[in-house]
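Student: Below: one structure in structure tokens.
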Amino acid sequence: MASTVSDSNKTEKNVIVLEGATVRLAGDSGDGMQLAGTQLTSTSALLGNDVATFPDFPAEIRAPRGTLAGVSGYQVHFSSQDIFTPGDRLNALVAMNPAALKTNIQDLEVGGILIVDNDSFDAKSYKLAGYESNPLDNTVLESYKLFRVPMTMLTRESVKGLGLSQKEADRCRNFLAMGLLYWLYGRNLDATLRYIESKFGGKPDVAEANRRALNAGWNYGETTDAFVSSYRVEAARLKPGKYTNIVGNQALAWGLIAAARLSGKELFLGSYPITPASDILHELSKYKNFGVKTFQAEDEIAAICSSIGASYGGAMAITTSSGPGIALKGEAMGLAMMLELPLLIINVQRGGPSTGLPTKTEQADLLQALYGRNGESPLPIVAARSPGDCFDVALEAWRISTRFMVPVIILSDGYIANGAEPWLIPDANALPKIEIKHPGPQSLNGEPFRPYQRDEKLARPWAIPGTEGLMHRVGGLEKQDITGNVSYDADNHEHMVGVRAQKVANIATEIAPLEVNGPASGDLLVVSWGGTYGACTTAVERCQERGLSVAHVHLRWLNPFPANLEQILRSYKQVLVPELNLGQLRMVLRAKFLVNAIGLNKVKGKPFVIAEIVKKINEMLESSK
Amino acid sequence: MTTKELPVLTANDFASDQDIRWCPGCGDYSILAQMKKMMPSLGIPRENIVFISGIGCSSRFPYYMNTYGIHGIHGRAPAIATGLKIARPDLQVWVITGDGDALSIGGNHFVHAIRRNPDLKIVMFNNRIYGLTKGQYSPTSPVGKVTKSSPMGAIDSPLNPLSVAIGCEATFVARAIDVNIKHLTEVLKRAGEHKGTAFVEVYQNCNVFNDGAFDYATSRETKTETIIELEHGKPLIFGKNRDKGIRLIGTHPEIVSLGNGIKEDDLLFHDERAAEPTLAYLLSRMRYPDFPEPIGVLRAVERPRYEVEVTRQITEARGKRGEGDLNKMFNSGESWTVT
């Protein structure tokens with residue numbers, strides 16, 4: 001083995017302790033930046049840091065090499081504190097080529113660390129990125145700590161003798177960059193070495209090359225005079241317990257599998273591949289030994305329709321998609337609502353409209369979820385707030401869906417779906433069971449079964465085929481209350497529309513009341529939902545530290561709203577609703593509560609940075625003085 | 001599965017309590033009657049049978065059967081049925097659809113259901129018109145068909161449903177006629193017994209918007225000349241006096257008269273079990289008025305069923321990795337402990 005790093009990666013140089021650091025790796029989409037980012041994330045998590053990540057990549061699998069369009073980035077925020085966002089400004093940026101420098105430099109803090117692959121800044125490359133001359137020679141970069149590292153040369157040198165082609169050798173550059181970052185921030189190489197072994201174990205040459213590149217990066221930091229000091233970020237004081245690093249889509253898939261187990265159901269997923277939801281399909285497909293049945297349908301409509309069929313058959317049925325796919329599913333969502341069957345409809349939101357920005361985040365499908373169907377067809381909506389929260393949301397959504405016999409929409413987004421955070425591993429045996437009842441065989445003495453006879457919550461019975469005596473037909477035509485027979489009666493229709501709406505409204509009695517973070521009344525309330533939770537929480541806490549009278553409430557349920565929302569809204573002089581859309585929740589709050597909610601809106605395909613929200617809070621408080 | 005002795009059921013046991021609302025004289029009545037009559041012969045308890053439909057006149061069918069059922073949305077019945085069959089392989093699942101439902105708005109699901117071959121029985125009522133929306137041309141209406149939406153005649157070429165199904169490698173393909181009740185019952189029974197996706201096209205008269213579309217195939221005077229009933233292993237013979245047959249010249253069928261040196265052995269012999277769909281496809285191309293149209297089973301072969309394969313993979317995964325364990329899954333990644 002060629003690993004020559006001294007015992008447990010100890011440095012001889014000056015060490016500075018930091019509270020946390022935000023680092024971004026940026027390069028071509030073929031440079032392995034996503035891999036490098038995830039390795040830095042899990043390594044930091046294993047060190048005990050709290051982590052939050054923001055992968056940012058283009059929709060094209062391989063855009064032309066060296067172009068601005070092809071830049072892929074992965075941002076990691078690791079900290080000794082409890083953190084909620086991937087960080088506003090970068091403390092360090094690794095740019096593998098001129099295009100990566102150009103598209104990312106604006107996010108680097110003044111005085112921040114800028115590490116570039118000096119070898120990739122030839123005239124052809126910087127011109128391709130739109131620079132007239134080599135940007136590394138430009139005085140503009142003087143406000144950063146620039147390190148011109150010959151990464152390509154170092155990588156090639158390190159793998160010499162392994163018989164790799166130059167192309168293969170250059171593919172190890174991301175490991176060299178990782179090694180250097182690991183040295184810079186005092187990260188241990190072990191986890192990544194284990195990863196290399198498990199990933200490339202079958203190709204010993206490649207495994208050895210990556211190991212050497214990783215070590216060469218670390219050694220470069222340690223030996224070269226350019227780096228005079230390195231940094232340390234201590235372990236965070238998280239709640240005691242066993243943690244693993246989890247990605248949003250994975251947490252959602254695990255939550256769904258857990259919900260199936262806890263309710264004694266077989267999981268059926270009908271899905272059609274779509275960014276950024278496909279990883280849920282991939283993840284669930286791995287767990288066939290849990291009895292999970294995944295069906296890759298011919299289109300989005302078949303995906304949800306197959307789920308409706310499975311639900312009628314008594315399975316835990318799920319369909320996953322993103323905005324464009326949800327648009328196609330609209331009619332079938334209405335059918336599921338009319339059939340009053342349990343079903344989870346998952347929308348991992350992305351930038352819209354139409355095809356929009358497939359790999360970027362946005363939360364502009366709220367109104368689609370609320371109103372995107374014909375007729376009066378309210379559906380319950382629950383939104384995840386962070387990667388780990390996806391797990392809990394899956395459990396809660398399934399509990400409500402089966403208790404009320406209604407499809408539930410789960411909203412996630414690209415930021416949550418691909419982001420990672422430490423997750424306190426639960427004990428499966430301690431998770432609460434989800435009770436589901438099916439009526440048993442009956443001899444009804446010639447009386448037909450009544451599929452729309454409701455219980456006190458207005459839920460109808462979930463009678464499944466195979467049950468003797470309960471043969472019944474359901475359909476999308478309006479049905480008579482109780483019997484479920486087709487009915488065109490005017491009064492019955494109005495009654496049924498009301499009953500279906502009331503049933504959804506009744507869910508408010510089953511969900512937790514909102515908890516306010518901050519004073520129970522005061523100058524300003526920040527209302528958030530979904531993936532903006534972290535940025536809003538941190539922004540409000542910073543304002544509170546400055547003594548401002550600001551509180552925060554985060555909505556998990558968007559329909560129905562928790563019962564105490566109105567009273568909370570009325571307890572503050574001003575209400576701010578930050579959203580990654582043009583003001584969708586704000587519009588609903590204004591319509592429903594006649595409250596003068598103010599929006600902070602952003603549709604750049606990127607999450608909020610904390611400073612943006614703090615600035616808006618300051619402005620609102622200033623202007624009301 | 002139930003092991004107790006099954007009660008002897010009759011057609012009436014399969015009738016629901018709902019009033020039937022098709023137009024008087026509609027061909028759908030006959031198909032419903034034959035289905036109810038045939039059902040007891042399959043020996044399946046009613047609670048294990050599900051009828052799923054889309055939208056259209058034919059799609060009201062499930063309401064009239066005393067089984068489980070879903071009246072779905074336009075064109076999507078095969079998708080709903082596929083999901084149900086995957087989740088519940090123990091159920092017998094029927095799809096009731098029409099020419100517009102299956103081949104126009106639902107064309108994609110129709111094609112993919114057939115290629116996956118789950119154990120579904122798809123019965124398509126073909127009346128060559130949109131009935132429920134009051135008379136527009138359908139994907140099986142002939143060129144030139146004058147309707148409300150084609151006052152100068154339809155200009156799109158029709159689909160041949162049997163050819164489409166065979167093109168998708170359907171494992172069971174058959175045709176029947178609404179008023180040919182004994183034959184229809186037999187074909188439905190064959191579909192019910194098939195393992196895999198069975199597709200049955202039923203010529204169905206819409207006496208309000210397309211009356212007489214199949215007169216050539218049903219009238220006493222012409223039907224012996226315009227219809228040819230397929231029987232496995234038998235030569236293709238038709239005609240009032242059973243004196244005509246179909247002979248193959250290369251890959252082209254031709255009508256010949258028996259006698260004058262032409263014997264039965266010279267004719268095309270039907271082989272519904274042929275591994276290649278070529279013969280079945282050739283038969284599906286025989287159209288009135290150039291040829292008598294074949295009714296009966298064109299193709300009946302076996303290949304892996306989708307839901308069986310799904311179950312097989314689950315069994316295999318459990319065999320290899322053991323029954324799923326949540327705690328094992330939660331702890332499958334790298335972890336660290338905070339004290």
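FYI, nothing fancy with the structure tokens labels: chains A, B, ... in order, residues from 1 per chain, ligands from 1 as they appear.
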Using only C-alpha atoms, which protein or nucleic acid residues come within 9 Å of B:Gly106? Drop anything in the same chain fewer than 5 positions from it, and give the result as a compact mmCIF listing (two decimals) with N, CA, C and O atoms, in the first residue's frame.
Tutor:
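The result, stored in out.txt:
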```txt
# COMPACT_ATOMS: atom_id res chain seq x y z
N GLY B 54 -62.52 2.35 -17.88
CA GLY B 54 -62.12 3.75 -18.07
C GLY B 54 -63.35 4.62 -18.16
O GLY B 54 -64.18 4.63 -17.26
N HIS B 74 -60.56 8.25 -18.01
CA HIS B 74 -60.50 7.94 -19.43
C HIS B 74 -59.16 7.35 -19.86
O HIS B 74 -58.13 8.03 -19.77
N GLY B 75 -59.19 6.13 -20.33
CA GLY B 75 -58.02 5.49 -20.91
C GLY B 75 -57.09 4.80 -19.92
O GLY B 75 -56.17 4.11 -20.32
N ARG B 76 -57.33 4.99 -18.64
CA ARG B 76 -56.32 4.56 -17.66
C ARG B 76 -56.60 3.21 -17.02
O ARG B 76 -55.85 2.79 -16.12
N ALA B 77 -57.66 2.54 -17.44
CA ALA B 77 -58.01 1.27 -16.78
C ALA B 77 -56.85 0.26 -16.78
O ALA B 77 -56.60 -0.37 -15.75
N PRO B 78 -56.12 0.10 -17.89
CA PRO B 78 -55.03 -0.89 -17.84
C PRO B 78 -53.98 -0.55 -16.78
O PRO B 78 -53.40 -1.45 -16.17
N GLY B 100 -62.28 4.08 -28.24
CA GLY B 100 -61.69 5.38 -27.94
C GLY B 100 -60.86 5.32 -26.67
O GLY B 100 -59.73 5.82 -26.61
N ASP B 101 -61.40 4.68 -25.66
CA ASP B 101 -60.76 4.57 -24.35
C ASP B 101 -59.42 3.82 -24.46
O ASP B 101 -58.40 4.28 -23.92
N VAL B 111 -50.79 -0.35 -24.82
CA VAL B 111 -49.56 -0.90 -25.39
C VAL B 111 -48.66 -1.48 -24.30
O VAL B 111 -48.13 -2.59 -24.42
```
Student: Write out as a PyMOL selection string all residues of stretch 83-181 of chain B that DSSP puts in strand (DSSP E) for this structure's backbone.
Tutor: chain B and resi 92-98+120-126+172-177
Student: Report the distance between atom CA of B:Arg305 and atom CA of B:Ala191 in Å, rounded to one decimal place.
Tutor: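 Separation between atom CA of B:Arg305 and atom CA of B:Ala191: 14.8 Å.
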Student: Measuring between only C-alpha atoms, which one of A:Leu582, A:Leu281, A:Ala259, A:Leu193 shows the shortest distance to A:Ala428?
Tutor: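 Answer, going by the shortest atom-to-atom distance: A:Ala259.
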Student: Would you please work out which residue, of A:Leu576, A:Ala501, A:Ile301, A:Ala129, is nearest to chain B when using only C-alpha atoms?
Tutor: A:Ile301
Student: Can you list, as a PyMOL selection string, every protein, DNA or RNA residue that comes within 7 Å of stretch 264-276 of chain A when you count only C-alpha atoms, leaving out same-chain residues fewer than 6 positions away?
Tutor: (chain A and resi 257+291-300+303-304+306-307+310+315-322+348+358-359+414) or (chain B and resi 87)
Student: Please identify every residue of chain A that has at least one atom no more than 7 Å from any atom of chain B, counting only C-alpha atoms, and report them as a PyMOL selection string.
Tutor: chain A and resi 46+238+240-244+258+268+288-291+298+302+305-310+313+315+425+427-428+465-468+471-476
Student: Kindly save the residues from that selection, with C-alpha atoms included, as a PDB file, in the first residue's frame.
Tutor:
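After the write, part04.pdb holds the following:
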```pdb
ATOM      1  CA  LEU A  46     -18.240  11.138  11.245  1.00  0.00           C
ATOM      2  CA  LEU A 238     -25.785  17.298  19.151  1.00  0.00           C
ATOM      3  CA  PRO A 240     -26.783  12.216  22.401  1.00  0.00           C
ATOM      4  CA  GLY A 241     -27.308   9.119  20.315  1.00  0.00           C
ATOM      5  CA  LYS A 242     -26.138   7.292  17.258  1.00  0.00           C
ATOM      6  CA  TYR A 243     -26.076   9.283  14.038  1.00  0.00           C
ATOM      7  CA  THR A 244     -25.739   8.599  10.382  1.00  0.00           C
ATOM      8  CA  ALA A 258     -40.907   2.182   7.947  1.00  0.00           C
ATOM      9  CA  PHE A 268     -46.313  -0.337  -3.708  1.00  0.00           C
ATOM     10  CA  LYS A 288     -37.355  -5.852  -2.277  1.00  0.00           C
ATOM     11  CA  ASN A 289     -36.594  -8.007   0.767  1.00  0.00           C
ATOM     12  CA  PHE A 290     -39.021  -5.750   2.651  1.00  0.00           C
ATOM     13  CA  GLY A 291     -41.724  -6.838   0.206  1.00  0.00           C
ATOM     14  CA  GLU A 298     -44.957   3.991 -18.865  1.00  0.00           C
ATOM     15  CA  ALA A 302     -49.937   5.288 -15.291  1.00  0.00           C
ATOM     16  CA  CYS A 305     -53.192   5.083 -11.657  1.00  0.00           C
ATOM     17  CA  SER A 306     -51.289   1.910 -10.813  1.00  0.00           C
ATOM     18  CA  SER A 307     -50.969   3.243  -7.268  1.00  0.00           C
ATOM     19  CA  ILE A 308     -54.718   3.800  -7.107  1.00  0.00           C
ATOM     20  CA  GLY A 309     -55.260   0.205  -8.193  1.00  0.00           C
ATOM     21  CA  ALA A 310     -52.799  -1.024  -5.564  1.00  0.00           C
ATOM     22  CA  GLY A 313     -56.264  -3.744  -3.359  1.00  0.00           C
ATOM     23  CA  ALA A 315     -51.490  -1.954  -0.356  1.00  0.00           C
ATOM     24  CA  ILE A 425     -30.980   6.844  14.112  1.00  0.00           C
ATOM     25  CA  ASP A 427     -34.991   2.441  17.252  1.00  0.00           C
ATOM     26  CA  ALA A 428     -37.511   0.802  14.948  1.00  0.00           C
ATOM     27  CA  PRO A 465     -61.157  -7.209  -2.689  1.00  0.00           C
ATOM     28  CA  GLY A 466     -61.034 -10.770  -1.499  1.00  0.00           C
ATOM     29  CA  THR A 467     -63.334  -9.941   1.424  1.00  0.00           C
ATOM     30  CA  GLU A 468     -66.517 -11.970   1.199  1.00  0.00           C
ATOM     31  CA  MET A 471     -68.266  -6.493  -3.181  1.00  0.00           C
ATOM     32  CA  HIS A 472     -68.704  -2.880  -4.200  1.00  0.00           C
ATOM     33  CA  ARG A 473     -67.903  -0.558  -7.064  1.00  0.00           C
ATOM     34  CA  VAL A 474     -66.247   2.834  -6.797  1.00  0.00           C
ATOM     35  CA  GLY A 475     -65.692   5.425  -9.470  1.00  0.00           C
ATOM     36  CA  GLY A 476     -65.107   9.022 -10.372  1.00  0.00           C
TER      37      GLY A 476
END
```
Student: Which value, in Å to one decimal, gives the distance between atom CA of B:Ser284 and atom CA of B:Glu186?
Tutor: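 Atom CA of B:Glu186 lies 19.3 Å from atom CA of B:Ser284.
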Student: Could you check how far atom CA of A:Glu622 sits from atom CA of A:Ile610, in Å to one decimal?
Tutor: 18.4 Å
Student: If we count only C-alpha atoms, what is near stretch 129-142 of chain B at a cut-off of 6 Å, once residues fewer than 4 positions away on the same chain are taken out, given as a list in words?
Tutor: Gly56, Cys57, Gly100, Thr147, Lys148, Ser149, Pro158, Leu159 and Phe209 of chain B
Student: Counting only C-alpha atoms, figure out which residue out of A:Glu545, A:Glu197, A:Asp455, A:Asp365 gets nearest to A:Leu411.
Tutor: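 Smallest distance to A:Leu411 is found for A:Asp365.
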Student: Name the residues in contact with stretch 209-214 of chain A at a cut-off of 8 Å, using only C-alpha atoms, excluding same-chain residues fewer than 3 positions from it; report them as a list in words.
Tutor: Ala2, Ser3, Leu154, Thr155, Ser158, Val159, Leu162, Ala169, Cys172, Arg173, Phe175, Leu176, Ala177, Met178, Gly179, Leu180, Leu193, Ile196, Asp205, Val206, Gly217 and Trp218 of chain A
Student: Could you turn the residues from that selection into a file that holds N, CA, C and O atoms, as a compact mmCIF listing (two decimals), in the first residue's frame?
Tutor:
```
# COMPACT_ATOMS: atom_id res chain seq x y z
N ALA A 2 0.48 2.21 -0.78
CA ALA A 2 1.34 3.38 -0.96
C ALA A 2 1.01 4.52 -0.01
O ALA A 2 1.60 5.57 -0.09
N SER A 3 0.08 4.27 0.88
CA SER A 3 -0.31 5.36 1.79
C SER A 3 0.87 5.72 2.69
O SER A 3 1.44 4.88 3.36
N LEU A 154 0.28 17.13 -10.07
CA LEU A 154 0.45 16.35 -8.83
C LEU A 154 -0.27 15.02 -8.91
O LEU A 154 0.23 13.98 -8.46
N THR A 155 -1.47 15.04 -9.50
CA THR A 155 -2.25 13.81 -9.61
C THR A 155 -1.52 12.82 -10.52
O THR A 155 -1.36 11.65 -10.19
N SER A 158 1.40 11.34 -8.85
CA SER A 158 1.09 10.43 -7.75
C SER A 158 0.68 9.04 -8.24
O SER A 158 0.88 8.06 -7.54
N VAL A 159 0.11 8.98 -9.44
CA VAL A 159 -0.36 7.67 -9.91
C VAL A 159 0.62 7.03 -10.89
O VAL A 159 0.31 5.99 -11.47
N LEU A 162 1.32 3.08 -12.24
CA LEU A 162 0.15 2.19 -12.14
C LEU A 162 -0.36 1.80 -13.51
O LEU A 162 -1.31 1.02 -13.63
N ALA A 169 -5.83 8.86 -15.22
CA ALA A 169 -5.10 9.53 -14.14
C ALA A 169 -5.78 10.83 -13.74
O ALA A 169 -5.98 11.12 -12.56
N CYS A 172 -8.60 11.19 -11.24
CA CYS A 172 -8.36 11.12 -9.79
C CYS A 172 -8.17 12.50 -9.17
O CYS A 172 -7.91 12.62 -7.97
N ARG A 173 -8.28 13.55 -9.99
CA ARG A 173 -8.02 14.92 -9.48
C ARG A 173 -8.93 15.28 -8.32
O ARG A 173 -8.55 16.01 -7.42
N PHE A 175 -9.96 13.41 -5.99
CA PHE A 175 -9.42 12.86 -4.73
C PHE A 175 -8.23 13.68 -4.24
O PHE A 175 -8.04 13.85 -3.04
N LEU A 176 -7.47 14.23 -5.16
CA LEU A 176 -6.38 15.10 -4.76
C LEU A 176 -6.93 16.36 -4.08
O LEU A 176 -6.45 16.78 -3.03
N ALA A 177 -7.95 16.91 -4.69
CA ALA A 177 -8.57 18.11 -4.11
C ALA A 177 -9.14 17.79 -2.74
O ALA A 177 -9.01 18.58 -1.79
N MET A 178 -9.76 16.64 -2.61
CA MET A 178 -10.30 16.21 -1.32
C MET A 178 -9.21 16.12 -0.28
O MET A 178 -9.34 16.60 0.84
N GLY A 179 -8.10 15.45 -0.67
CA GLY A 179 -7.00 15.26 0.27
C GLY A 179 -6.48 16.59 0.81
O GLY A 179 -6.24 16.75 2.00
N LEU A 180 -6.39 17.56 -0.10
CA LEU A 180 -5.92 18.89 0.31
C LEU A 180 -6.90 19.56 1.27
O LEU A 180 -6.52 20.12 2.30
N LEU A 193 -10.97 6.52 2.58
CA LEU A 193 -10.18 5.33 2.20
C LEU A 193 -11.07 4.10 2.21
O LEU A 193 -10.98 3.24 1.33
N ILE A 196 -13.20 4.22 -0.88
CA ILE A 196 -12.44 3.83 -2.08
C ILE A 196 -12.38 2.30 -2.16
O ILE A 196 -12.59 1.71 -3.21
N ASP A 205 -6.25 -1.16 -9.50
CA ASP A 205 -5.47 -0.02 -10.03
C ASP A 205 -6.13 1.31 -9.74
O ASP A 205 -5.50 2.27 -9.30
N VAL A 206 -7.43 1.33 -10.02
CA VAL A 206 -8.18 2.57 -9.80
C VAL A 206 -8.23 2.90 -8.32
O VAL A 206 -8.06 4.05 -7.90
N GLY A 217 -2.75 14.84 -2.05
CA GLY A 217 -3.40 16.12 -1.73
C GLY A 217 -3.11 16.51 -0.28
O GLY A 217 -2.77 17.65 0.03
N TRP A 218 -3.27 15.52 0.60
CA TRP A 218 -3.02 15.78 2.02
C TRP A 218 -1.55 16.19 2.24
O TRP A 218 -1.26 17.18 2.91
```
Student: From a backbone DSSP assignment, name each residue in stretch 373-429 of chain A labelled helix (DSSP H, G or I), as a list in words.
Tutor: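 Across stretch 373-429 of chain A, those assigned helix (DSSP H, G or I) are Asp389, Cys390, Phe391, Asp392, Val393, Ala394, Leu395, Glu396, Ala397, Trp398, Arg399, Ile400, Ser401, Thr402, Arg403, Phe404, Gly414, Tyr415, Ile416, Ala417, Asn418, Ala428 and Asn429 of chain A.
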Student: Within 9 Å of A:Leu395, counting only C-alpha atoms, which residues qualify if same-chain residues fewer than 5 places away don't, as a list in words?
Tutor: Gly255, Leu256, Ala258, Ala259, Ala260, Leu262, Cys390, Ile400 and Ile434 of chain A
Student: Could the residues in this selection be saved with all heavy atoms as a tab-separated table (two decimals), in the first residue's frame?
Tutor:
```
chain	number	residue	atom	x	y	z
A	255	GLY	N	-38.49	6.39	5.38
A	255	GLY	CA	-39.72	6.67	6.12
A	255	GLY	C	-40.90	5.91	5.55
A	255	GLY	O	-41.74	5.40	6.28
A	256	LEU	N	-40.94	5.81	4.22
A	256	LEU	CA	-42.04	5.09	3.58
A	256	LEU	C	-41.97	3.60	3.91
A	256	LEU	O	-42.99	2.97	4.22
A	256	LEU	CB	-41.97	5.29	2.05
A	256	LEU	CG	-42.17	6.74	1.57
A	256	LEU	CD1	-41.82	6.85	0.09
A	256	LEU	CD2	-43.59	7.22	1.83
A	258	ALA	N	-40.57	2.31	6.52
A	258	ALA	CA	-40.91	2.18	7.95
A	258	ALA	C	-42.42	2.28	8.14
A	258	ALA	O	-43.02	1.51	8.90
A	258	ALA	CB	-40.19	3.26	8.76
A	259	ALA	N	-43.06	3.21	7.43
A	259	ALA	CA	-44.51	3.38	7.56
A	259	ALA	C	-45.24	2.11	7.12
A	259	ALA	O	-46.23	1.69	7.74
A	259	ALA	CB	-44.99	4.57	6.72
A	260	ALA	N	-44.74	1.47	6.07
A	260	ALA	CA	-45.36	0.22	5.61
A	260	ALA	C	-45.24	-0.84	6.70
A	260	ALA	O	-46.21	-1.52	7.04
A	260	ALA	CB	-44.68	-0.25	4.32
A	262	LEU	N	-44.77	-0.38	9.94
A	262	LEU	CA	-45.50	-0.02	11.16
A	262	LEU	C	-47.01	-0.16	10.99
A	262	LEU	O	-47.75	-0.19	11.96
A	262	LEU	CB	-45.15	1.42	11.58
A	262	LEU	CG	-43.69	1.62	11.99
A	262	LEU	CD1	-43.36	3.10	12.08
A	262	LEU	CD2	-43.39	0.93	13.31
A	390	CYS	N	-37.75	14.40	6.29
A	390	CYS	CA	-38.50	13.62	5.29
A	390	CYS	C	-38.97	12.30	5.88
A	390	CYS	O	-40.04	11.80	5.56
A	390	CYS	CB	-37.63	13.35	4.05
A	390	CYS	SG	-37.31	14.83	3.08
A	400	ILE	N	-52.11	9.84	8.58
A	400	ILE	CA	-53.28	10.67	8.27
A	400	ILE	C	-54.04	10.09	7.08
A	400	ILE	O	-55.28	10.03	7.07
A	400	ILE	CB	-52.84	12.12	7.99
A	400	ILE	CG1	-52.29	12.77	9.26
A	400	ILE	CG2	-53.98	12.94	7.41
A	400	ILE	CD1	-53.27	12.94	10.40
A	434	ILE	N	-48.88	2.18	13.26
A	434	ILE	CA	-49.95	2.89	12.56
A	434	ILE	C	-51.10	1.90	12.40
A	434	ILE	O	-50.97	0.90	11.69
A	434	ILE	CB	-49.45	3.41	11.20
A	434	ILE	CG1	-48.31	4.41	11.39
A	434	ILE	CG2	-50.60	4.03	10.41
A	434	ILE	CD1	-47.59	4.82	10.12
```
